[in-house]
Amino acid sequence: MNDHPQAGSATILATSRGRGWHGLEADLVRIPPGRTHISGTPYHRLGIHVGRPVRAQCRCDGRQHRRLQKHGDIDVVPAGLDGVWEDDRECMILRLEISKDLFHRAAIDLGRDPAKVIVPQKFQLRDPRLEAIVWALKAELEADVPSDNLYADTLATALALRLVEAGSDTSRQADNGRAFSPRQKRMLTDYIEDNLDMPLSLAELAGLAGLSLSHLKTQFRNSFGMPPHQYVLHRRVARVEVLIRSSGLPLSQIALEAGFAHQSHMTNSMKRLLGISPGTITRSRN
């Protein structure tokens, strides 16, 4: 997305670049006191203040705003707008950029015409649902062992959906009770099992089920009792246990066969879900 990861003398502390995220890029940056100019981009941007308060002034699209910027305050800058932010002390910002494709898909999922969806410029927005997604993204960005990319995909989609619906707070409760047909559930189950060793995305699962991304997420939870990324993680852990007990493959190879990025990712996931490590299963087999 953005070919210039640093703005001014900002220091990037963590970034999503190179992680294979789809439709969303994230940077956690430390910004020194003074003025920072950020040029307009083709992407909708969010800036979330992290940490202690700072006194700030910002100018964007002819609007000026002076404020005490607090932890969790969100600035929303629509695509194409540039702006100047001036802080009285060093601060930390989580910067998010949402691609047009992801935003358009979210609008269509919610029954909106993407050409008519207007993202309003906001200063110091407080939205509990949006904040929950943002903090989950920050945790994923800072994790020593990141989750499967399907999790980041889920968070990115949720972020885009929330931005589209935030203006009118449209509810999707009509879909809350729906679940997959037996055929859809069987197709998804078989597809996931057959492709556990490959990267999986929400878009391909939705295409397989013939659903929009938002409907997939709702109906998946209603059918399986958990969101897609959690279900896939459970199935990968189950695959690991089977391979350890039934094959003589080294643990590093088993991790790849089950779709984990590496052995430590597999080990951490097993400890979290089963409370035991792969080594414990290996020893119990002997």
# chains A, B, ... in the order shown; residues from 1 in each chain; ligands from 1

call {"tool": "select_by_dssp", "arguments": {"residues": "stretch 14-212 of chain A", "states": "alpha helix (DSSP H)", "output": "ChimeraX atom specification"}}
result
/A:100-109,128-142,149-166,182-194,202-209

call {"tool": "select_by_dssp", "arguments": {"residues": "stretch 14-73 of chain A", "states": "strand (DSSP E or B)", "output": "JSON, numbers by chain"}}
result
{"A": [14, 15, 24, 25, 26, 27, 28, 29, 30, 31, 34, 35, 36, 37, 38, 44, 45, 46, 47, 48, 49, 50, 54, 55, 56, 57, 58, 59, 60, 63, 64, 65, 66, 67, 68, 69]}

call {"tool": "residues_around", "arguments": {"residues": "stretch 214-222 of chain A", "least_positions_apart": "3", "cutoff": "6 Å", "atoms": "only C-alpha atoms", "output": "number ranges by chain"}}
result
A: 178-180, 206, 211, 225-227

call {"tool": "write_last_selection", "arguments": {"atoms": "N, CA and C atoms", "output": "PDB file, in the first residue's frame"}}
result
ATOM      1  N   ARG A 178     -29.071 -17.550  11.320  1.00  0.00           N
ATOM      2  CA  ARG A 178     -28.894 -18.412  10.166  1.00  0.00           C
ATOM      3  C   ARG A 178     -27.637 -19.256  10.304  1.00  0.00           C
ATOM      4  N   ALA A 179     -27.673 -20.433   9.707  1.00  0.00           N
ATOM      5  CA  ALA A 179     -26.529 -21.340   9.716  1.00  0.00           C
ATOM      6  C   ALA A 179     -26.361 -21.923   8.317  1.00  0.00           C
ATOM      7  N   PHE A 180     -25.265 -22.647   8.108  1.00  0.00           N
ATOM      8  CA  PHE A 180     -25.030 -23.278   6.817  1.00  0.00           C
ATOM      9  C   PHE A 180     -26.030 -24.402   6.573  1.00  0.00           C
ATOM     10  N   ALA A 206     -15.682 -18.013   1.715  1.00  0.00           N
ATOM     11  CA  ALA A 206     -16.955 -17.402   1.344  1.00  0.00           C
ATOM     12  C   ALA A 206     -17.350 -17.781  -0.079  1.00  0.00           C
ATOM     13  N   LEU A 211     -21.325 -17.201  -0.300  1.00  0.00           N
ATOM     14  CA  LEU A 211     -21.817 -16.184   0.628  1.00  0.00           C
ATOM     15  C   LEU A 211     -20.904 -14.960   0.601  1.00  0.00           C
ATOM     16  N   GLY A 225     -19.889 -22.971  16.075  1.00  0.00           N
ATOM     17  CA  GLY A 225     -19.715 -22.522  17.451  1.00  0.00           C
ATOM     18  C   GLY A 225     -18.491 -21.675  17.688  1.00  0.00           C
ATOM     19  N   MET A 226     -17.805 -21.284  16.629  1.00  0.00           N
ATOM     20  CA  MET A 226     -16.599 -20.458  16.744  1.00  0.00           C
ATOM     21  C   MET A 226     -16.337 -19.802  15.392  1.00  0.00           C
ATOM     22  N   PRO A 227     -15.550 -18.716  15.360  1.00  0.00           N
ATOM     23  CA  PRO A 227     -15.230 -18.079  14.076  1.00  0.00           C
ATOM     24  C   PRO A 227     -14.284 -18.937  13.251  1.00  0.00           C
TER      25      PRO A 227
END

call {"tool": "residues_around", "arguments": {"residues": "A:Asp144", "least_positions_apart": "6", "cutoff": "12 Å", "atoms": "only C-alpha atoms", "output": "count of residues only"}}
result
4

call {"tool": "residues_around", "arguments": {"residues": "stretch 274-281 of chain A", "least_positions_apart": "6", "cutoff": "9 Å", "atoms": "only C-alpha atoms", "output": "short mmCIF file (atom, residue, chain, number, x, y, z; two decimals) with all heavy atoms, in the first residue's frame"}}
result
data_model
loop_
_atom_site.label_atom_id
_atom_site.label_comp_id
_atom_site.auth_asym_id
_atom_site.auth_seq_id
_atom_site.Cartn_x
_atom_site.Cartn_y
_atom_site.Cartn_z
N VAL A 237 -4.34 -28.17 15.10
CA VAL A 237 -3.81 -28.80 16.30
C VAL A 237 -4.19 -30.28 16.33
O VAL A 237 -3.37 -31.14 16.70
CB VAL A 237 -4.32 -28.07 17.56
CG1 VAL A 237 -4.06 -28.89 18.82
CG2 VAL A 237 -3.66 -26.70 17.68
N VAL A 240 -1.91 -32.13 14.06
CA VAL A 240 -0.60 -32.32 14.67
C VAL A 240 -0.60 -33.54 15.58
O VAL A 240 0.30 -34.39 15.53
CB VAL A 240 -0.18 -31.07 15.47
CG1 VAL A 240 1.03 -31.38 16.36
CG2 VAL A 240 0.14 -29.92 14.53
N GLU A 241 -1.63 -33.64 16.43
CA GLU A 241 -1.69 -34.76 17.37
C GLU A 241 -1.73 -36.10 16.63
O GLU A 241 -1.04 -37.06 17.01
CB GLU A 241 -2.91 -34.61 18.28
CG GLU A 241 -2.94 -35.61 19.42
CD GLU A 241 -4.01 -35.30 20.45
OE1 GLU A 241 -4.82 -34.37 20.20
OE2 GLU A 241 -4.04 -35.98 21.47
N ILE A 244 1.78 -36.80 15.09
CA ILE A 244 2.78 -37.19 16.09
C ILE A 244 2.59 -38.65 16.48
O ILE A 244 3.55 -39.41 16.62
CB ILE A 244 2.70 -36.28 17.33
CG1 ILE A 244 3.17 -34.86 16.99
CG2 ILE A 244 3.55 -36.84 18.46
CD1 ILE A 244 3.03 -33.87 18.13
N ARG A 245 1.33 -39.04 16.66
CA ARG A 245 1.05 -40.40 17.14
C ARG A 245 1.19 -41.45 16.03
O ARG A 245 1.43 -42.62 16.33
CB ARG A 245 -0.35 -40.45 17.74
CG ARG A 245 -0.52 -39.58 18.98
CD ARG A 245 -1.87 -39.82 19.64
NE ARG A 245 -2.12 -38.88 20.73
CZ ARG A 245 -1.61 -39.00 21.96
NH1 ARG A 245 -0.83 -40.04 22.25
NH2 ARG A 245 -1.88 -38.11 22.89
N LEU A 251 9.22 -33.00 14.31
CA LEU A 251 8.21 -32.00 14.68
C LEU A 251 8.23 -30.80 13.73
O LEU A 251 7.18 -30.22 13.45
CB LEU A 251 8.45 -31.53 16.12
CG LEU A 251 8.17 -32.57 17.20
CD1 LEU A 251 8.46 -31.98 18.59
CD2 LEU A 251 6.72 -33.05 17.13
N MET A 266 3.47 -23.87 16.18
CA MET A 266 2.72 -25.08 16.49
C MET A 266 2.72 -25.34 18.00
O MET A 266 1.69 -25.64 18.60
CB MET A 266 3.32 -26.27 15.75
CG MET A 266 2.72 -27.62 16.10
SD MET A 266 3.56 -28.99 15.24
CE MET A 266 5.11 -29.07 16.17
N THR A 267 3.89 -25.24 18.62
CA THR A 267 4.01 -25.53 20.05
C THR A 267 3.16 -24.58 20.88
O THR A 267 2.43 -25.00 21.78
CB THR A 267 5.49 -25.42 20.48
OG1 THR A 267 6.25 -26.39 19.75
CG2 THR A 267 5.64 -25.68 21.97
N ASN A 268 3.24 -23.29 20.58
CA ASN A 268 2.45 -22.30 21.33
C ASN A 268 0.96 -22.54 21.16
O ASN A 268 0.19 -22.40 22.12
CB ASN A 268 2.81 -20.89 20.88
CG ASN A 268 4.19 -20.47 21.33
OD1 ASN A 268 4.73 -21.05 22.26
ND2 ASN A 268 4.76 -19.48 20.68
#

call {"tool": "closest_residue", "arguments": {"among": "A:Val164, A:Ile108, A:Ile12, A:Ile133", "to": "A:Ala152", "atoms": "only C-alpha atoms"}}
result
A:Ile133

call {"tool": "residues_around", "arguments": {"residues": "stretch 111-124 of chain A", "least_positions_apart": "4", "cutoff": "7 Å", "atoms": "only C-alpha atoms", "output": "JSON, numbers by chain"}}
result
{"A": [73, 74, 75, 76, 77, 78, 104, 107]}

call {"tool": "closest_residue", "arguments": {"among": "A:Lys138, A:Lys70, A:Arg126, A:Arg55", "to": "A:Ala26", "atoms": "only C-alpha atoms"}}
result
A:Lys138

call {"tool": "closest_residue", "arguments": {"among": "A:Leu155, A:Leu125, A:Val50, A:Ala255", "to": "A:Leu213", "atoms": "only C-alpha atoms"}}
result
A:Leu155

call {"tool": "closest_residue", "arguments": {"among": "A:Ala79, A:Leu249, A:Val84, A:Val232", "to": "A:Arg59", "atoms": "only C-alpha atoms"}}
result
A:Val84

call {"tool": "residues_around", "arguments": {"residues": "A:Asp148", "least_positions_apart": "2", "cutoff": "8 Å", "atoms": "only C-alpha atoms", "output": "compact mmCIF listing (two decimals) with all heavy atoms, in the first residue's frame"}}
result
# COMPACT_ATOMS: atom_id res chain seq x y z
N PRO A 146 2.97 -14.75 15.60
CA PRO A 146 1.66 -14.33 15.10
C PRO A 146 0.74 -15.51 14.85
O PRO A 146 1.18 -16.64 14.63
CB PRO A 146 1.99 -13.59 13.79
CG PRO A 146 3.34 -14.07 13.40
CD PRO A 146 4.05 -14.46 14.65
N LEU A 150 -5.38 -16.13 8.69
CA LEU A 150 -6.84 -16.10 8.64
C LEU A 150 -7.40 -15.22 9.76
O LEU A 150 -8.44 -14.59 9.61
CB LEU A 150 -7.39 -17.52 8.77
CG LEU A 150 -8.89 -17.73 8.51
CD1 LEU A 150 -9.24 -17.32 7.08
CD2 LEU A 150 -9.26 -19.18 8.74
N TYR A 151 -6.69 -15.15 10.88
CA TYR A 151 -7.12 -14.31 12.00
C TYR A 151 -7.00 -12.83 11.62
O TYR A 151 -7.92 -12.04 11.85
CB TYR A 151 -6.29 -14.63 13.23
CG TYR A 151 -6.64 -13.80 14.45
CD1 TYR A 151 -7.95 -13.73 14.91
CD2 TYR A 151 -5.66 -13.10 15.15
CE1 TYR A 151 -8.28 -12.98 16.04
CE2 TYR A 151 -5.98 -12.36 16.27
CZ TYR A 151 -7.28 -12.30 16.71
OH TYR A 151 -7.60 -11.55 17.82
N ALA A 152 -5.85 -12.45 11.04
CA ALA A 152 -5.68 -11.06 10.60
C ALA A 152 -6.70 -10.72 9.53
O ALA A 152 -7.24 -9.60 9.49
CB ALA A 152 -4.26 -10.85 10.08
N HIS A 229 -11.24 -18.61 11.93
CA HIS A 229 -9.83 -18.75 12.27
C HIS A 229 -9.64 -19.67 13.47
O HIS A 229 -8.66 -20.42 13.53
CB HIS A 229 -9.20 -17.38 12.53
CG HIS A 229 -9.65 -16.71 13.78
ND1 HIS A 229 -10.80 -15.94 13.83
CD2 HIS A 229 -9.13 -16.69 15.03
CE1 HIS A 229 -10.96 -15.47 15.05
NE2 HIS A 229 -9.96 -15.91 15.80
N LEU A 233 -7.66 -23.31 13.44
CA LEU A 233 -6.58 -23.55 14.40
C LEU A 233 -6.83 -24.85 15.17
O LEU A 233 -5.89 -25.66 15.37
CB LEU A 233 -6.48 -22.37 15.38
CG LEU A 233 -5.36 -22.47 16.41
CD1 LEU A 233 -3.99 -22.55 15.73
CD2 LEU A 233 -5.41 -21.28 17.37
N PHE A 260 1.20 -24.83 10.06
CA PHE A 260 1.80 -23.82 10.93
C PHE A 260 3.04 -23.23 10.27
O PHE A 260 3.72 -23.89 9.48
CB PHE A 260 2.17 -24.43 12.29
CG PHE A 260 0.98 -24.77 13.14
CD1 PHE A 260 0.54 -26.07 13.25
CD2 PHE A 260 0.30 -23.78 13.81
CE1 PHE A 260 -0.57 -26.39 14.01
CE2 PHE A 260 -0.82 -24.08 14.58
CZ PHE A 260 -1.25 -25.39 14.68
N ALA A 261 3.31 -21.96 10.60
CA ALA A 261 4.43 -21.28 9.97
C ALA A 261 5.76 -21.93 10.35
O ALA A 261 6.68 -21.99 9.55
CB ALA A 261 4.43 -19.81 10.36

call {"tool": "closest_residue", "arguments": {"among": "A:Cys91, A:Ile48, A:Val145, A:Leu130", "to": "A:Arg19", "atoms": "only C-alpha atoms"}}
result
A:Val145

call {"tool": "closest_residue", "arguments": {"among": "A:Leu196, A:Ala143, A:Leu110, A:Ala238", "to": "A:Ser212", "atoms": "only C-alpha atoms"}}
result
A:Leu110

call {"tool": "atom_distance", "arguments": {"atom1": "atom CA of A:Ser16", "atom2": "atom CA of A:Leu28"}}
result
9.2 Å

call {"tool": "atom_distance", "arguments": {"atom1": "atom CA of A:Gly207", "atom2": "atom CA of A:Arg236"}}
result
21.6 Å

call {"tool": "decode", "arguments": {"residues": "stretch 33-69 of chain A", "atoms": "N, CA, C and O atoms", "output": "JSON list (two decimals), in the first residue's frame"}}
result
[["chain", "number", "residue", "atom", "x", "y", "z"],
["A", 33, "PRO", "N", 7.99, 14.94, 19.39],
["A", 33, "PRO", "CA", 7.22, 16.19, 19.48],
["A", 33, "PRO", "C", 7.39, 17.02, 18.22],
["A", 33, "PRO", "O", 8.41, 16.93, 17.52],
["A", 34, "GLY", "N", 6.38, 17.82, 17.94],
["A", 34, "GLY", "CA", 6.47, 18.70, 16.79],
["A", 34, "GLY", "C", 5.45, 18.36, 15.72],
["A", 34, "GLY", "O", 4.45, 17.68, 15.98],
["A", 35, "ARG", "N", 5.75, 18.79, 14.51],
["A", 35, "ARG", "CA", 4.78, 18.70, 13.42],
["A", 35, "ARG", "C", 5.07, 17.48, 12.54],
["A", 35, "ARG", "O", 6.21, 17.19, 12.21],
["A", 36, "THR", "N", 3.99, 16.77, 12.18],
["A", 36, "THR", "CA", 4.08, 15.64, 11.27],
["A", 36, "THR", "C", 3.08, 15.83, 10.15],
["A", 36, "THR", "O", 1.88, 16.01, 10.42],
["A", 37, "HIS", "N", 3.56, 15.81, 8.92],
["A", 37, "HIS", "CA", 2.68, 15.92, 7.76],
["A", 37, "HIS", "C", 2.52, 14.54, 7.14],
["A", 37, "HIS", "O", 3.50, 13.83, 6.90],
["A", 38, "ILE", "N", 1.27, 14.14, 6.88],
["A", 38, "ILE", "CA", 0.98, 12.86, 6.23],
["A", 38, "ILE", "C", 0.21, 13.14, 4.95],
["A", 38, "ILE", "O", -0.87, 13.72, 4.99],
["A", 39, "SER", "N", 0.78, 12.74, 3.84],
["A", 39, "SER", "CA", 0.14, 12.99, 2.54],
["A", 39, "SER", "C", -1.07, 12.10, 2.35],
["A", 39, "SER", "O", -1.16, 11.00, 2.90],
["A", 40, "GLY", "N", -2.01, 12.56, 1.52],
["A", 40, "GLY", "CA", -3.18, 11.77, 1.19],
["A", 40, "GLY", "C", -2.80, 10.51, 0.43],
["A", 40, "GLY", "O", -1.82, 10.49, -0.30],
["A", 41, "THR", "N", -3.57, 9.47, 0.63],
["A", 41, "THR", "CA", -3.32, 8.18, -0.04],
["A", 41, "THR", "C", -4.64, 7.69, -0.64],
["A", 41, "THR", "O", -5.71, 8.22, -0.33],
["A", 42, "PRO", "N", -4.60, 6.65, -1.47],
["A", 42, "PRO", "CA", -5.84, 6.07, -1.99],
["A", 42, "PRO", "C", -6.58, 5.23, -0.96],
["A", 42, "PRO", "O", -7.60, 4.63, -1.29],
["A", 43, "TYR", "N", -6.09, 5.17, 0.27],
["A", 43, "TYR", "CA", -6.66, 4.28, 1.28],
["A", 43, "TYR", "C", -7.28, 5.07, 2.42],
["A", 43, "TYR", "O", -6.80, 6.16, 2.78],
["A", 44, "HIS", "N", -8.33, 4.54, 3.00],
["A", 44, "HIS", "CA", -8.88, 5.12, 4.22],
["A", 44, "HIS", "C", -7.92, 4.80, 5.37],
["A", 44, "HIS", "O", -7.43, 3.68, 5.48],
["A", 45, "ARG", "N", -7.68, 5.78, 6.22],
["A", 45, "ARG", "CA", -6.69, 5.62, 7.28],
["A", 45, "ARG", "C", -7.30, 5.85, 8.65],
["A", 45, "ARG", "O", -8.17, 6.69, 8.82],
["A", 46, "LEU", "N", -6.79, 5.12, 9.62],
["A", 46, "LEU", "CA", -7.14, 5.33, 11.01],
["A", 46, "LEU", "C", -5.85, 5.55, 11.79],
["A", 46, "LEU", "O", -4.85, 4.85, 11.56],
["A", 47, "GLY", "N", -5.88, 6.51, 12.70],
["A", 47, "GLY", "CA", -4.76, 6.74, 13.60],
["A", 47, "GLY", "C", -5.26, 6.62, 15.03],
["A", 47, "GLY", "O", -6.15, 7.38, 15.42],
["A", 48, "ILE", "N", -4.73, 5.67, 15.78],
["A", 48, "ILE", "CA", -5.21, 5.41, 17.14],
["A", 48, "ILE", "C", -4.11, 5.77, 18.13],
["A", 48, "ILE", "O", -2.98, 5.26, 18.04],
["A", 49, "HIS", "N", -4.43, 6.66, 19.06],
["A", 49, "HIS", "CA", -3.44, 7.09, 20.05],
["A", 49, "HIS", "C", -3.24, 6.00, 21.08],
["A", 49, "HIS", "O", -4.20, 5.44, 21.62],
["A", 50, "VAL", "N", -1.97, 5.70, 21.37],
["A", 50, "VAL", "CA", -1.62, 4.66, 22.33],
["A", 50, "VAL", "C", -0.79, 5.28, 23.45],
["A", 50, "VAL", "O", 0.21, 5.95, 23.18],
["A", 51, "GLY", "N", -1.19, 5.05, 24.70],
["A", 51, "GLY", "CA", -0.36, 5.50, 25.82],
["A", 51, "GLY", "C", -0.82, 6.80, 26.45],
["A", 51, "GLY", "O", -2.00, 7.18, 26.38],
["A", 52, "ARG", "N", 0.13, 7.49, 27.05],
["A", 52, "ARG", "CA", -0.20, 8.67, 27.86],
["A", 52, "ARG", "C", -0.74, 9.81, 26.99],
["A", 52, "ARG", "O", -0.42, 9.90, 25.80],
["A", 53, "PRO", "N", -1.54, 10.70, 27.59],
["A", 53, "PRO", "CA", -2.13, 11.80, 26.82],
["A", 53, "PRO", "C", -1.08, 12.79, 26.32],
["A", 53, "PRO", "O", -0.03, 12.97, 26.93],
["A", 54, "VAL", "N", -1.40, 13.43, 25.20],
["A", 54, "VAL", "CA", -0.59, 14.53, 24.70],
["A", 54, "VAL", "C", -1.55, 15.62, 24.22],
["A", 54, "VAL", "O", -2.68, 15.35, 23.83],
["A", 55, "ARG", "N", -1.07, 16.85, 24.29],
["A", 55, "ARG", "CA", -1.85, 17.95, 23.71],
["A", 55, "ARG", "C", -1.50, 18.05, 22.23],
["A", 55, "ARG", "O", -0.32, 18.07, 21.87],
["A", 56, "ALA", "N", -2.54, 18.08, 21.41],
["A", 56, "ALA", "CA", -2.31, 18.00, 19.97],
["A", 56, "ALA", "C", -3.20, 18.97, 19.22],
["A", 56, "ALA", "O", -4.27, 19.38, 19.70],
["A", 57, "GLN", "N", -2.73, 19.34, 18.04],
["A", 57, "GLN", "CA", -3.51, 20.14, 17.11],
["A", 57, "GLN", "C", -3.41, 19.48, 15.75],
["A", 57, "GLN", "O", -2.32, 19.05, 15.34],
["A", 58, "CYS", "N", -4.53, 19.37, 15.05],
["A", 58, "CYS", "CA", -4.47, 18.77, 13.73],
["A", 58, "CYS", "C", -5.28, 19.60, 12.74],
["A", 58, "CYS", "O", -6.26, 20.26, 13.11],
["A", 59, "ARG", "N", -4.82, 19.58, 11.50],
["A", 59, "ARG", "CA", -5.51, 20.28, 10.42],
["A", 59, "ARG", "C", -5.67, 19.30, 9.27],
["A", 59, "ARG", "O", -4.69, 18.70, 8.80],
["A", 60, "CYS", "N", -6.90, 19.13, 8.81],
["A", 60, "CYS", "CA", -7.17, 18.17, 7.74],
["A", 60, "CYS", "C", -8.40, 18.63, 6.97],
["A", 60, "CYS", "O", -9.45, 18.90, 7.59],
["A", 61, "ASP", "N", -8.28, 18.77, 5.65],
["A", 61, "ASP", "CA", -9.38, 19.17, 4.78],
["A", 61, "ASP", "C", -10.03, 20.47, 5.25],
["A", 61, "ASP", "O", -11.25, 20.61, 5.25],
["A", 62, "GLY", "N", -9.20, 21.42, 5.66],
["A", 62, "GLY", "CA", -9.71, 22.72, 6.07],
["A", 62, "GLY", "C", -10.24, 22.78, 7.48],
["A", 62, "GLY", "O", -10.63, 23.86, 7.97],
["A", 63, "ARG", "N", -10.28, 21.66, 8.17],
["A", 63, "ARG", "CA", -10.76, 21.63, 9.55],
["A", 63, "ARG", "C", -9.59, 21.63, 10.51],
["A", 63, "ARG", "O", -8.56, 21.01, 10.26],
["A", 64, "GLN", "N", -9.76, 22.33, 11.64],
["A", 64, "GLN", "CA", -8.75, 22.34, 12.67],
["A", 64, "GLN", "C", -9.35, 21.80, 13.96],
["A", 64, "GLN", "O", -10.54, 21.99, 14.24],
["A", 65, "HIS", "N", -8.51, 21.13, 14.73],
["A", 65, "HIS", "CA", -9.02, 20.52, 15.96],
["A", 65, "HIS", "C", -7.90, 20.53, 17.00],
["A", 65, "HIS", "O", -6.82, 19.99, 16.76],
["A", 66, "ARG", "N", -8.16, 21.17, 18.14],
["A", 66, "ARG", "CA", -7.24, 21.14, 19.27],
["A", 66, "ARG", "C", -7.83, 20.22, 20.33],
["A", 66, "ARG", "O", -9.03, 20.26, 20.59],
["A", 67, "ARG", "N", -6.98, 19.38, 20.92],
["A", 67, "ARG", "CA", -7.52, 18.43, 21.89],
["A", 67, "ARG", "C", -6.42, 17.89, 22.79],
["A", 67, "ARG", "O", -5.23, 17.98, 22.48],
["A", 68, "LEU", "N", -6.87, 17.31, 23.89],
["A", 68, "LEU", "CA", -6.01, 16.47, 24.70],
["A", 68, "LEU", "C", -6.23, 15.06, 24.18],
["A", 68, "LEU", "O", -7.30, 14.48, 24.35],
["A", 69, "GLN", "N", -5.22, 14.53, 23.50],
["A", 69, "GLN", "CA", -5.36, 13.24, 22.82],
["A", 69, "GLN", "C", -5.08, 12.12, 23.82],
["A", 69, "GLN", "O", -4.00, 12.06, 24.41]]
